[in-house]
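The next block is run.csv, given as CSV, C-alpha atoms and all ligand atoms.
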```csv
chain,number,residue,atom,x,y,z
A,56,MET,CA,-15.9,-6.0,21.3
A,57,PRO,CA,-12.3,-5.5,20.3
A,58,VAL,CA,-11.7,-2.5,18.0
A,59,TYR,CA,-9.7,-3.0,14.9
A,60,PHE,CA,-7.6,0.1,13.9
A,61,ASP,CA,-5.0,-1.7,11.7
A,62,ASN,CA,-6.6,-1.4,8.3
A,63,ASN,CA,-3.4,-0.7,6.5
A,64,ALA,CA,-2.2,-4.1,7.6
A,65,THR,CA,-5.3,-5.7,6.2
A,66,THR,CA,-9.0,-5.2,6.1
A,67,ARG,CA,-12.0,-7.4,6.9
A,68,LEU,CA,-13.5,-9.2,3.9
A,69,ASP,CA,-16.6,-7.2,2.9
A,70,PRO,CA,-19.7,-9.5,3.2
A,71,ARG,CA,-20.8,-8.3,-0.2
A,72,VAL,CA,-17.4,-9.5,-1.6
A,73,LEU,CA,-17.8,-12.8,0.1
A,74,ASP,CA,-21.3,-13.2,-1.5
A,75,ALA,CA,-19.7,-12.6,-4.9
A,76,MET,CA,-17.0,-15.2,-4.2
A,77,LEU,CA,-19.0,-18.0,-2.7
A,78,PRO,CA,-20.5,-19.3,-6.0
A,79,TYR,CA,-17.0,-19.7,-7.4
A,80,LEU,CA,-15.9,-21.7,-4.3
A,81,SER,CA,-18.8,-24.1,-4.3
A,82,GLY,CA,-20.0,-24.0,-7.9
A,83,PRO,CA,-18.3,-23.4,-11.2
A,84,TYR,CA,-14.9,-25.0,-10.8
A,85,GLY,CA,-13.6,-25.0,-14.4
A,86,ASN,CA,-10.0,-24.0,-15.3
A,87,ALA,CA,-10.2,-20.6,-16.9
A,88,SER,CA,-7.8,-21.8,-19.6
A,89,SER,CA,-10.1,-24.7,-20.7
A,90,LEU,CA,-12.1,-24.3,-23.9
A,91,HIS,CA,-15.2,-26.1,-22.7
A,92,ARG,CA,-18.2,-24.6,-21.0
A,93,PHE,CA,-16.8,-25.1,-17.5
A,94,GLY,CA,-13.6,-23.2,-18.5
A,95,ARG,CA,-15.5,-20.5,-20.3
A,96,ALA,CA,-17.7,-19.8,-17.2
A,97,ALA,CA,-14.5,-19.3,-15.2
A,98,ARG,CA,-12.9,-17.2,-18.0
A,99,ASP,CA,-15.9,-14.9,-18.1
A,100,ALA,CA,-15.7,-14.4,-14.3
A,101,VAL,CA,-12.0,-13.6,-14.5
A,102,GLU,CA,-12.5,-11.1,-17.4
A,103,ARG,CA,-15.5,-9.4,-15.7
A,104,ALA,CA,-13.3,-8.8,-12.6
A,105,ARG,CA,-10.6,-7.4,-14.9
A,106,GLU,CA,-13.1,-4.8,-16.1
A,107,GLN,CA,-14.2,-4.0,-12.6
A,108,LEU,CA,-10.6,-3.4,-11.5
A,109,ALA,CA,-9.8,-1.4,-14.6
A,110,ALA,CA,-12.7,0.9,-13.9
A,111,LEU,CA,-11.4,1.6,-10.4
A,112,LEU,CA,-7.8,2.2,-11.6
A,113,GLY,CA,-8.4,4.1,-14.9
A,114,CYS,CA,-6.5,1.6,-16.9
A,115,GLN,CA,-7.3,-0.8,-19.8
A,116,PRO,CA,-8.4,-4.3,-18.7
A,117,ARG,CA,-5.6,-5.8,-20.9
A,118,GLU,CA,-3.1,-3.8,-18.9
A,119,ILE,CA,-3.9,-5.9,-15.7
A,120,ILE,CA,-1.8,-8.9,-14.7
A,121,TRP,CA,-3.3,-10.9,-11.8
A,122,THR,CA,-0.8,-11.7,-9.0
A,123,SER,CA,-0.9,-13.1,-5.5
A,124,GLY,CA,-0.7,-9.6,-3.9
A,125,GLY,CA,1.3,-6.5,-3.5
A,126,THR,CA,4.6,-8.3,-2.7
A,127,GLU,CA,4.5,-10.3,-5.9
A,128,SER,CA,3.4,-7.3,-8.0
A,129,ASP,CA,6.3,-5.2,-6.7
A,130,ASN,CA,8.8,-8.1,-7.3
A,131,LEU,CA,7.4,-8.7,-10.8
A,132,ALA,CA,7.7,-5.0,-11.7
A,133,LEU,CA,11.3,-4.6,-10.4
A,134,LYS,CA,12.8,-7.9,-11.5
A,135,GLY,CA,10.7,-8.2,-14.6
A,136,VAL,CA,11.8,-4.8,-16.0
A,137,THR,CA,15.4,-5.2,-15.1
A,138,GLU,CA,15.9,-8.9,-16.1
A,139,SER,CA,16.6,-7.9,-19.7
A,140,ALA,CA,19.0,-5.1,-18.7
A,141,PRO,CA,21.7,-6.7,-16.5
A,142,GLY,CA,23.6,-4.3,-14.3
A,143,SER,CA,21.4,-1.3,-15.2
A,144,ARG,CA,20.6,1.6,-12.8
A,145,VAL,CA,17.5,1.5,-10.6
A,146,LEU,CA,16.3,4.1,-8.0
A,147,TYR,CA,13.7,3.4,-5.3
A,148,GLY,CA,12.3,5.6,-2.5
A,149,VAL,CA,13.9,5.3,0.9
A,150,THR,CA,10.5,4.9,2.5
A,151,GLU,CA,9.2,2.1,0.2
A,152,HIS,CA,7.6,-1.0,1.5
A,153,PRO,CA,10.0,-3.9,2.2
A,154,ALA,CA,8.6,-5.6,-1.0
A,155,VAL,CA,10.2,-2.9,-3.1
A,156,LEU,CA,13.2,-2.3,-0.8
A,157,GLU,CA,14.3,-5.9,-0.6
A,158,ALA,CA,13.6,-6.7,-4.2
A,159,CYS,CA,15.9,-3.8,-5.1
A,160,GLU,CA,18.5,-4.9,-2.6
A,161,SER,CA,18.4,-8.4,-4.1
A,162,LEU,CA,19.1,-6.8,-7.5
A,163,ARG,CA,22.0,-4.9,-6.0
A,164,ALA,CA,23.5,-8.2,-4.7
A,165,ARG,CA,23.3,-9.5,-8.2
A,166,GLY,CA,25.2,-6.6,-9.7
A,167,TRP,CA,22.6,-3.9,-10.5
A,168,ASP,CA,23.4,-0.3,-9.7
A,169,ILE,CA,20.9,0.6,-7.0
A,170,ASP,CA,20.4,3.9,-5.3
A,171,THR,CA,17.7,5.4,-3.1
A,172,VAL,CA,15.5,8.5,-3.5
A,173,ALA,CA,15.7,10.6,-0.3
A,174,VAL,CA,12.8,12.2,1.4
A,175,GLY,CA,12.7,15.2,3.7
A,176,ASP,CA,11.6,15.1,7.4
A,177,ASP,CA,8.0,15.4,6.1
A,178,GLY,CA,8.3,12.1,4.2
A,179,VAL,CA,8.0,13.9,0.8
A,180,ILE,CA,10.5,13.2,-2.0
A,181,ASP,CA,13.6,15.5,-1.9
A,182,TRP,CA,12.9,16.9,-5.5
A,183,PRO,CA,16.2,18.8,-6.1
A,184,ARG,CA,18.3,15.7,-5.1
A,185,PHE,CA,16.0,13.4,-7.1
A,186,GLU,CA,16.5,15.6,-10.3
A,187,ARG,CA,20.2,15.4,-9.8
A,188,GLN,CA,20.1,11.6,-9.5
A,189,LEU,CA,18.0,11.4,-12.7
A,190,ALA,CA,20.6,13.5,-14.6
A,191,ALA,CA,23.5,11.3,-13.4
A,192,GLY,CA,23.5,8.8,-16.3
A,193,PRO,CA,21.5,6.1,-18.0
A,194,LEU,CA,18.6,4.8,-15.9
A,195,ARG,CA,16.3,1.8,-16.3
A,196,LEU,CA,13.6,2.1,-13.6
A,197,VAL,CA,12.4,4.2,-10.7
A,198,SER,CA,10.1,2.8,-8.0
A,199,LEU,CA,8.1,5.2,-5.9
A,200,MET,CA,5.0,4.7,-3.8
A,201,ARG,CA,1.8,6.7,-4.2
A,202,ALA,CA,1.1,6.6,-0.4
A,203,ASN,CA,3.1,5.3,2.5
A,204,ASN,CA,1.8,2.4,4.5
A,205,GLU,CA,3.1,3.9,7.8
A,206,THR,CA,2.8,7.6,7.7
A,207,GLY,CA,0.2,7.8,4.9
A,208,VAL,CA,2.3,10.4,3.1
A,209,ILE,CA,1.1,10.9,-0.5
A,210,GLN,CA,3.8,11.4,-3.2
A,211,ASP,CA,3.3,13.4,-6.4
A,212,VAL,CA,4.0,10.5,-8.7
A,213,ALA,CA,2.7,12.3,-11.8
A,214,ARG,CA,5.4,14.9,-11.3
A,215,ALA,CA,7.9,12.1,-10.8
A,216,ALA,CA,6.7,10.3,-14.0
A,217,GLU,CA,7.4,13.3,-16.1
A,218,LEU,CA,11.0,13.6,-14.8
A,219,VAL,CA,11.6,9.9,-15.0
A,220,HIS,CA,10.3,9.7,-18.6
A,221,ARG,CA,12.5,12.6,-19.5
A,222,ALA,CA,15.4,10.6,-18.1
A,223,GLY,CA,14.5,7.8,-20.5
A,224,ALA,CA,13.4,5.4,-17.7
A,225,TRP,CA,10.2,3.5,-16.6
A,226,LEU,CA,8.3,4.4,-13.4
A,227,HIS,CA,6.8,1.8,-11.2
A,228,VAL,CA,4.3,3.0,-8.6
A,229,ASP,CA,3.4,1.0,-5.5
A,230,ALA,CA,-0.3,2.0,-5.1
A,231,VAL,CA,-1.1,-0.7,-2.6
A,232,GLN,CA,-2.1,1.7,0.2
A,233,ALA,CA,-3.5,4.5,-2.0
A,234,CYS,CA,-5.9,2.2,-3.9
A,235,GLY,CA,-9.4,2.4,-2.5
A,236,LYS,CA,-8.6,5.3,-0.2
A,237,ILE,CA,-7.9,8.1,-2.7
A,238,ALA,CA,-8.5,8.2,-6.4
A,239,VAL,CA,-5.8,6.3,-8.2
A,240,ASP,CA,-5.9,6.8,-12.0
A,241,PHE,CA,-3.2,4.8,-13.8
A,242,ALA,CA,-3.4,7.0,-16.9
A,243,ALA,CA,-3.4,10.3,-15.1
A,244,LEU,CA,-0.5,9.3,-12.9
A,245,GLN,CA,1.5,8.4,-16.0
A,246,ALA,CA,2.9,5.4,-14.4
A,247,ASP,CA,4.3,2.6,-16.5
A,248,LEU,CA,3.7,-0.1,-13.9
A,249,MET,CA,1.6,0.0,-10.8
A,250,SER,CA,1.0,-2.5,-7.9
A,251,VAL,CA,-2.3,-3.0,-6.1
A,252,SER,CA,-3.5,-5.6,-3.5
A,253,SER,CA,-7.0,-6.9,-2.8
A,254,HIS,CA,-6.8,-7.4,1.0
A,255,LYS,CA,-6.3,-3.7,1.6
A,256,ILE,CA,-9.6,-2.9,0.0
A,257,TYR,CA,-11.9,-5.4,1.8
A,258,GLY,CA,-11.1,-8.1,-0.7
A,259,PRO,CA,-9.6,-11.6,-0.2
A,260,LYS,CA,-6.0,-12.0,0.9
A,261,GLY,CA,-3.4,-13.5,-1.5
A,262,MET,CA,-4.7,-11.6,-4.5
A,263,GLY,CA,-3.3,-8.6,-6.3
A,264,ALA,CA,-2.5,-7.1,-9.6
A,265,LEU,CA,0.3,-5.4,-11.5
A,266,ILE,CA,-0.8,-2.9,-14.1
A,267,VAL,CA,1.6,-2.6,-17.0
A,268,ARG,CA,1.6,-0.3,-20.0
A,269,ALA,CA,1.9,-2.2,-23.3
A,270,GLU,CA,5.2,-0.6,-24.2
A,271,VAL,CA,7.0,-1.9,-21.1
A,272,GLU,CA,9.3,-4.9,-21.7
A,273,LEU,CA,8.5,-7.3,-18.8
A,274,SER,CA,9.9,-10.7,-18.1
A,275,PRO,CA,7.9,-13.2,-16.0
A,276,LEU,CA,9.1,-14.4,-12.6
A,277,HIS,CA,7.6,-17.8,-13.1
A,278,HIS,CA,7.8,-20.0,-16.2
A,279,GLY,CA,5.6,-22.8,-17.3
A,280,GLY,CA,2.2,-21.2,-17.9
A,281,VAL,CA,0.6,-19.1,-20.6
A,282,GLN,CA,-1.8,-17.3,-18.2
A,283,GLU,CA,-1.8,-13.5,-18.1
A,284,ARG,CA,-0.1,-13.3,-21.5
A,285,GLY,CA,2.7,-15.6,-20.3
A,286,LEU,CA,3.7,-12.9,-17.7
A,287,ARG,CA,2.3,-14.7,-14.7
A,288,GLY,CA,1.9,-18.4,-15.3
A,289,GLY,CA,-0.3,-20.6,-13.0
A,290,THR,CA,-4.0,-21.5,-13.0
A,291,GLU,CA,-6.0,-18.5,-12.0
A,292,ASN,CA,-7.6,-18.3,-8.5
A,293,VAL,CA,-11.0,-17.6,-9.9
A,294,ALA,CA,-12.8,-17.0,-6.6
A,295,ALA,CA,-10.1,-14.6,-5.3
A,296,ILE,CA,-10.1,-12.7,-8.7
A,297,VAL,CA,-13.9,-12.4,-8.5
A,298,GLY,CA,-13.6,-11.1,-5.0
A,299,PHE,CA,-11.0,-8.5,-6.0
A,300,GLY,CA,-13.2,-7.4,-8.8
A,301,ALA,CA,-16.2,-7.1,-6.5
A,302,ALA,CA,-14.1,-5.2,-3.9
A,303,ALA,CA,-12.8,-2.9,-6.6
A,304,GLU,CA,-16.3,-2.1,-7.9
A,305,LEU,CA,-17.5,-1.3,-4.3
A,306,ALA,CA,-14.4,0.9,-3.7
A,307,ALA,CA,-15.1,2.8,-6.9
A,308,GLN,CA,-18.8,3.3,-5.9
A,309,GLU,CA,-18.0,4.3,-2.3
A,310,LEU,CA,-14.7,6.1,-2.7
A,311,GLU,CA,-16.0,9.5,-1.8
A,312,THR,CA,-18.2,8.5,1.1
A,313,ARG,CA,-15.4,6.2,2.6
A,314,ALA,CA,-12.8,9.0,2.3
A,315,THR,CA,-15.1,11.6,3.9
A,316,HIS,CA,-15.9,9.2,6.8
A,317,LEU,CA,-12.2,8.2,7.3
A,318,ARG,CA,-11.1,11.8,7.2
A,319,ALA,CA,-13.6,12.7,9.9
A,320,LEU,CA,-12.4,9.8,12.1
A,321,ARG,CA,-8.7,10.8,11.5
A,322,ASP,CA,-9.4,14.5,12.3
A,323,ARG,CA,-11.3,13.6,15.5
A,324,PHE,CA,-8.5,11.3,16.6
A,325,GLU,CA,-5.7,13.9,15.8
A,326,GLN,CA,-7.6,16.6,17.7
A,327,GLY,CA,-7.7,14.4,20.8
A,328,LEU,CA,-4.1,13.4,20.3
A,329,ARG,CA,-2.8,16.9,20.0
A,330,ALA,CA,-4.4,17.7,23.4
A,331,MET,CA,-2.2,15.0,25.0
A,332,PRO,CA,1.2,16.1,26.3
A,333,ASP,CA,4.3,14.9,24.5
A,334,ALA,CA,2.3,13.4,21.5
A,335,ARG,CA,3.9,13.9,18.1
A,336,ILE,CA,2.1,13.2,14.8
A,337,PHE,CA,4.5,12.3,12.0
A,338,ALA,CA,4.2,14.1,8.6
A,339,ASP,CA,1.1,16.0,9.8
A,340,HIS,CA,1.7,19.0,7.6
A,341,VAL,CA,1.7,17.3,4.2
A,342,GLU,CA,-1.0,15.5,2.2
A,343,ARG,CA,-1.7,12.1,3.7
A,344,LEU,CA,-4.1,9.2,3.3
A,345,PRO,CA,-7.5,10.1,5.0
A,346,ASN,CA,-7.3,7.0,7.3
A,347,THR,CA,-3.7,6.9,8.6
A,348,VAL,CA,-2.1,8.5,11.6
A,349,GLN,CA,1.4,7.6,12.8
A,350,PHE,CA,2.4,9.1,16.1
A,351,ALA,CA,4.7,8.7,19.1
A,352,ILE,CA,4.3,9.7,22.8
A,353,ALA,CA,7.6,10.7,24.3
A,354,GLY,CA,8.9,8.2,26.8
A,355,TYR,CA,6.8,5.3,25.4
A,356,GLU,CA,8.1,2.4,23.4
A,357,GLY,CA,5.8,1.6,20.5
A,358,GLU,CA,5.6,-2.2,20.8
A,359,ALA,CA,5.0,-2.0,24.6
A,360,LEU,CA,2.2,0.6,24.1
A,361,LEU,CA,0.8,-1.6,21.3
A,362,MET,CA,0.5,-4.6,23.7
A,363,GLN,CA,-1.0,-2.4,26.4
A,364,LEU,CA,-3.6,-1.1,24.0
A,365,ASP,CA,-4.2,-4.7,22.8
A,366,ARG,CA,-5.0,-5.7,26.4
A,367,LYS,CA,-7.5,-2.8,26.5
A,368,GLY,CA,-9.1,-4.2,23.3
A,369,PHE,CA,-7.6,-2.0,20.6
A,370,ALA,CA,-5.6,-3.4,17.6
A,371,VAL,CA,-3.1,-0.9,16.2
A,372,SER,CA,0.4,-1.3,14.7
A,373,SER,CA,3.8,-0.1,15.7
A,374,GLY,CA,4.9,0.3,12.1
A,375,SER,CA,4.3,-1.7,9.0
A,376,ALA,CA,2.9,-5.2,9.8
A,377,CYS,CA,5.8,-6.8,8.0
A,378,ALA,CA,8.4,-5.0,10.1
A,379,SER,CA,6.7,-5.7,13.5
A,380,GLY,CA,8.3,-8.2,15.7
A,381,LYS,CA,11.8,-7.3,14.5
A,382,GLY,CA,12.4,-4.8,17.3
A,383,GLU,CA,13.9,-2.4,14.7
A,384,PRO,CA,12.5,1.1,14.5
A,385,SER,CA,10.7,1.9,11.3
A,386,HIS,CA,12.9,2.4,8.3
A,387,VAL,CA,10.3,4.9,7.1
A,388,LEU,CA,10.8,7.2,10.1
A,389,LEU,CA,14.6,6.8,10.0
A,390,GLY,CA,14.6,7.6,6.3
A,391,MET,CA,12.8,10.8,7.2
A,392,GLY,CA,15.6,11.7,9.6
A,393,ILE,CA,13.6,11.1,12.7
A,394,ALA,CA,15.8,10.3,15.7
A,395,ARG,CA,16.0,6.6,16.6
A,396,GLU,CA,14.6,7.0,20.1
A,397,ILE,CA,11.5,8.9,18.8
A,398,ALA,CA,11.0,6.4,16.0
A,399,GLU,CA,11.1,3.6,18.6
A,400,GLY,CA,7.9,5.0,20.0
A,401,ALA,CA,5.9,4.9,16.7
A,402,ILE,CA,2.3,3.7,16.7
A,403,ARG,CA,0.2,3.6,13.6
A,404,VAL,CA,-3.5,3.8,13.7
A,405,SER,CA,-5.3,3.1,10.4
A,406,PHE,CA,-9.0,3.5,10.3
A,407,GLY,CA,-11.3,1.4,8.1
A,408,LYS,CA,-14.7,2.1,6.5
A,409,ASP,CA,-16.6,0.4,9.4
A,410,ASN,CA,-14.9,2.2,12.3
A,411,THR,CA,-17.0,4.7,14.2
A,412,GLU,CA,-16.5,8.0,16.1
A,413,ALA,CA,-17.5,6.2,19.3
A,414,GLU,CA,-14.6,3.8,18.8
A,415,VAL,CA,-12.2,6.7,18.3
A,416,ASP,CA,-13.4,8.3,21.5
A,417,ARG,CA,-13.0,5.1,23.4
A,418,PHE,CA,-9.5,4.7,22.0
A,419,LEU,CA,-8.5,8.2,23.0
A,420,ALA,CA,-9.8,7.6,26.5
A,421,ALA,CA,-7.9,4.3,26.8
A,422,LEU,CA,-4.7,5.9,25.4
A,423,SER,CA,-4.8,8.8,27.9
A,424,GLU,CA,-5.5,6.4,30.7
A,425,LEU,CA,-2.3,4.6,29.7
A,426,VAL,CA,0.0,7.5,29.1
A,427,TRP,CA,-1.5,10.6,30.9
A,428,PRO,CA,-0.2,10.1,34.4
A,429,THR,CA,3.4,9.5,33.3
A,430,ALA,CA,3.3,12.0,30.5
A,431,MET,CA,2.0,14.7,33.0
A,432,ALA,CA,4.6,13.8,35.6
A,433,PRO,CA,7.7,16.1,35.8
A,434,ARG,CA,10.8,14.5,34.3
B,501,LIG,N1,3.2,-2.3,-0.7
B,501,LIG,C1,2.7,-1.6,0.3
B,501,LIG,C2,2.8,-0.1,0.3
B,501,LIG,C3,2.1,-2.3,1.4
B,501,LIG,O1,1.6,-1.6,2.4
B,501,LIG,C4,2.0,-3.7,1.3
B,501,LIG,C5,1.4,-4.4,2.5
B,501,LIG,O2,1.4,-3.9,3.6
B,501,LIG,C6,2.6,-4.4,0.2
B,501,LIG,C7,3.2,-3.7,-0.8
B,501,LIG,C8,2.5,-5.9,0.1
B,501,LIG,O3,1.2,-6.3,-0.2
B,501,LIG,P1,0.7,-7.8,0.1
B,501,LIG,O4,0.4,-7.8,1.5
B,501,LIG,O5,-0.6,-7.9,-0.8
B,501,LIG,O6,1.7,-8.7,-0.4
```

What's the structure tokens form of this structure?
Ligand code: PLP
Amino acid sequence: MPVYFDNNATTRLDPRVLDAMLPYLSGPYGNASSLHRFGRAARDAVERAREQLAALLGCQPREIIWTSGGTESDNLALKGVTESAPGSRVLYGVTEHPAVLEACESLRARGWDIDTVAVGDDGVIDWPRFERQLAAGPLRLVSLMRANNETGVIQDVARAAELVHRAGAWLHVDAVQACGKIAVDFAALQADLMSVSSHKIYGPKGMGALIVRAEVELSPLHHGGVQERGLRGGTENVAAIVGFGAAAELAAQELETRATHLRALRDRFEQGLRAMPDARIFADHVERLPNTVQFAIAGYEGEALLMQLDRKGFAVSSGSACASGKGEPSHVLLGMGIAREIAEGAIRVSFGKDNTEAEVDRFLAALSELVWPTAMAPR
């Protein structure tokens, strides 16, 4: 059986989530905006899911806007907050996901004043530089991720929130990777907007949410619908919303056990990796997600190694799923100041709740079979 170690790209739909969704694919088909009983049944399901997600995220159900996923949530946050302030200043982290990065770059192209927040070689925000940027004049929005999809590095966004608020700006947090892997509490993080995605937590694909505090002025991306308080028009995908709600409830119930299991897999893997010559684990001295390891083995090109591992039955990533196939080294590692030739070797392993220690051991054996002879050879 092939082994799937690419859970930051996406996760398998949990069978319990599928069970929750099925009735809404085959049964009640009302439009959640309709006033009759068909519509009310759909509306009840949508609102129950909102409560389930709110319980996972420590937010109010009314602060949730359903979207089609993390990419849309990030775009809605960035464009929705800046729409009413043309040309205003926006900062985003240099290691952000392309959904944030490219949304910001599209704003820059249309005249907004965009700058990046630098990180050190450990992937953590360069705080002194960030504080200088915050003091440099009026600011509308800052976008920072809670956890990085490639390295797993966790940022102290609550600390950032305090500084950003003092500077009179809003803070958007991309919590797509953190959600379901570590505790994510919207109120405690003091974020103003926060993106999450269902398919990263064993829910259906094409489903996500943007959490927005009531005070934030947000413009919609789409026009022509009253759904989600007019902020995200379009008939709700009831089955997917129900699935996201069910996945959120399971994530809340199982957060601790999943994290403990994932950390054990990660530590076992890293121990094996450290014993291999010329292996380098990125950002291994800072707080990271319990399931994520990004590494490189000197002399090996990431995508070539990925394909060799695939032939041996192991699915990993050579960076973020969205960046793969471009042949460009990871902007995350480059942003951390890692040399291009080292970044080109990056492999990301991201464990999921259903992976086992036996799979980790088989993977380590397969990896050393591939790299050991060359890595041991004198150069
Ligand atoms: N933000 C981060 C940090 C991600 O890792 C991803 C997906 O990999 C996204 C946003 C985009 O989410 P989606 O795939 O739901 O559009």

### Query
Looking at A:Ser89, A:Gln115, A:Ser128, A:Thr312, which one is nearest to ligand LIG 501 (chain B), with distances taken over all atoms listed in the file?
A:Ser128

List every residue of chain A that has an atom at most 6 Å from any atom of ligand LIG 501 (chain B), giving for each one its closest atom pair and the distance in Å to one decimal, counting only C-alpha atoms and all ligand atoms, sorted by chain and then by ascending residue number, as JSON lines.
```
{"residue": "A:Ala64", "atom": "CA", "partner": "B:LIG501", "partner_atom": "O2", "distance": 5.4}
{"residue": "A:Gly124", "atom": "CA", "partner": "B:LIG501", "partner_atom": "O5", "distance": 3.5}
{"residue": "A:Gly125", "atom": "CA", "partner": "B:LIG501", "partner_atom": "O3", "distance": 3.3}
{"residue": "A:Thr126", "atom": "CA", "partner": "B:LIG501", "partner_atom": "O6", "distance": 3.7}
{"residue": "A:His152", "atom": "CA", "partner": "B:LIG501", "partner_atom": "C2", "distance": 5.0}
{"residue": "A:Ala154", "atom": "CA", "partner": "B:LIG501", "partner_atom": "C7", "distance": 5.7}
{"residue": "A:Asn203", "atom": "CA", "partner": "B:LIG501", "partner_atom": "C2", "distance": 5.8}
{"residue": "A:Asn204", "atom": "CA", "partner": "B:LIG501", "partner_atom": "O1", "distance": 4.5}
{"residue": "A:Asp229", "atom": "CA", "partner": "B:LIG501", "partner_atom": "N1", "distance": 5.8}
{"residue": "A:Val231", "atom": "CA", "partner": "B:LIG501", "partner_atom": "C1", "distance": 4.9}
{"residue": "A:Gln232", "atom": "CA", "partner": "B:LIG501", "partner_atom": "C2", "distance": 5.2}
{"residue": "A:Ser252", "atom": "CA", "partner": "B:LIG501", "partner_atom": "O5", "distance": 4.6}
```

Would you save the residues of that selection, restricted to C-alpha atoms, as a PDB file, in the frame of the given file?
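The resulting file, result.pdb, is shown below:
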```pdb
ATOM      1  CA  ALA A  64      -2.200  -4.100   7.600  1.00  0.00           C
ATOM      2  CA  GLY A 124      -0.700  -9.600  -3.900  1.00  0.00           C
ATOM      3  CA  GLY A 125       1.300  -6.500  -3.500  1.00  0.00           C
ATOM      4  CA  THR A 126       4.600  -8.300  -2.700  1.00  0.00           C
ATOM      5  CA  HIS A 152       7.600  -1.000   1.500  1.00  0.00           C
ATOM      6  CA  ALA A 154       8.600  -5.600  -1.000  1.00  0.00           C
ATOM      7  CA  ASN A 203       3.100   5.300   2.500  1.00  0.00           C
ATOM      8  CA  ASN A 204       1.800   2.400   4.500  1.00  0.00           C
ATOM      9  CA  ASP A 229       3.400   1.000  -5.500  1.00  0.00           C
ATOM     10  CA  VAL A 231      -1.100  -0.700  -2.600  1.00  0.00           C
ATOM     11  CA  GLN A 232      -2.100   1.700   0.200  1.00  0.00           C
ATOM     12  CA  SER A 252      -3.500  -5.600  -3.500  1.00  0.00           C
TER      13      SER A 252
END
```

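Candidate residues A:Arg187, A:Arg144, A:Arg105, A:Arg403 were compared for distance to Val297 in chain A, and the nearest is A:Arg105, using all atoms listed in the file.
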
### Query
In file coordinates, which residues lie within 10 Å of (12.9, -5.8, -25.5) using all atoms listed in the file, given as a ChimeraX atom specification?
/A:136,139-140,270-274

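For the choices A:Phe60, A:Arg165, A:Leu194, A:Ala104, the atom-to-atom distance to Gly263 in chain A is smallest for A:Ala104 when using only C-alpha atoms.
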
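Here CA of Asn63 in chain A and CA of Pro332 in chain A stand 26.4 Å from one another.
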
Report the centre and edge lengths, in Å to one decimal, of an axis-aligned box enclosing every atom of range 187-198 of chain A listed in the file, padded by 6 Å on each side, as lines of an AutoDock Vina configuration file.
```
center_x = 16.8
center_y = 8.6
center_z = -13.0
size_x = 25.4
size_y = 25.6
size_z = 22.0
```

With N, CA, C and O atoms as the target, complete range 82-90 of chain A and hand it back as a compact mmCIF listing (two decimals), in the coordinates of the input.
```txt
# COMPACT_ATOMS: atom_id res chain seq x y z
N GLY A 82 -19.38 -23.65 -6.63
CA GLY A 82 -20.00 -24.00 -7.90
C GLY A 82 -19.05 -24.17 -9.03
O GLY A 82 -18.19 -25.06 -8.98
N PRO A 83 -19.11 -23.26 -10.03
CA PRO A 83 -18.30 -23.40 -11.20
C PRO A 83 -16.80 -23.60 -10.86
O PRO A 83 -16.22 -22.74 -10.22
N TYR A 84 -16.24 -24.71 -11.26
CA TYR A 84 -14.90 -25.00 -10.80
C TYR A 84 -13.92 -25.20 -12.00
O TYR A 84 -12.81 -25.69 -11.84
N GLY A 85 -14.38 -24.79 -13.17
CA GLY A 85 -13.60 -25.00 -14.40
C GLY A 85 -12.25 -24.22 -14.30
O GLY A 85 -12.10 -23.26 -13.54
N ASN A 86 -11.30 -24.69 -15.11
CA ASN A 86 -10.00 -24.00 -15.30
C ASN A 86 -10.22 -22.92 -16.33
O ASN A 86 -10.68 -23.22 -17.45
N ALA A 87 -9.88 -21.68 -16.00
CA ALA A 87 -10.20 -20.60 -16.90
C ALA A 87 -9.45 -20.71 -18.26
O ALA A 87 -9.77 -20.00 -19.20
N SER A 88 -8.49 -21.63 -18.35
CA SER A 88 -7.80 -21.80 -19.60
C SER A 88 -8.50 -22.91 -20.49
O SER A 88 -8.13 -23.10 -21.66
N SER A 89 -9.46 -23.64 -19.92
CA SER A 89 -10.10 -24.70 -20.70
C SER A 89 -11.11 -24.14 -21.68
O SER A 89 -11.76 -23.12 -21.41
N LEU A 90 -11.24 -24.84 -22.80
CA LEU A 90 -12.10 -24.30 -23.90
C LEU A 90 -13.56 -24.68 -23.70
O LEU A 90 -14.44 -24.05 -24.29
```
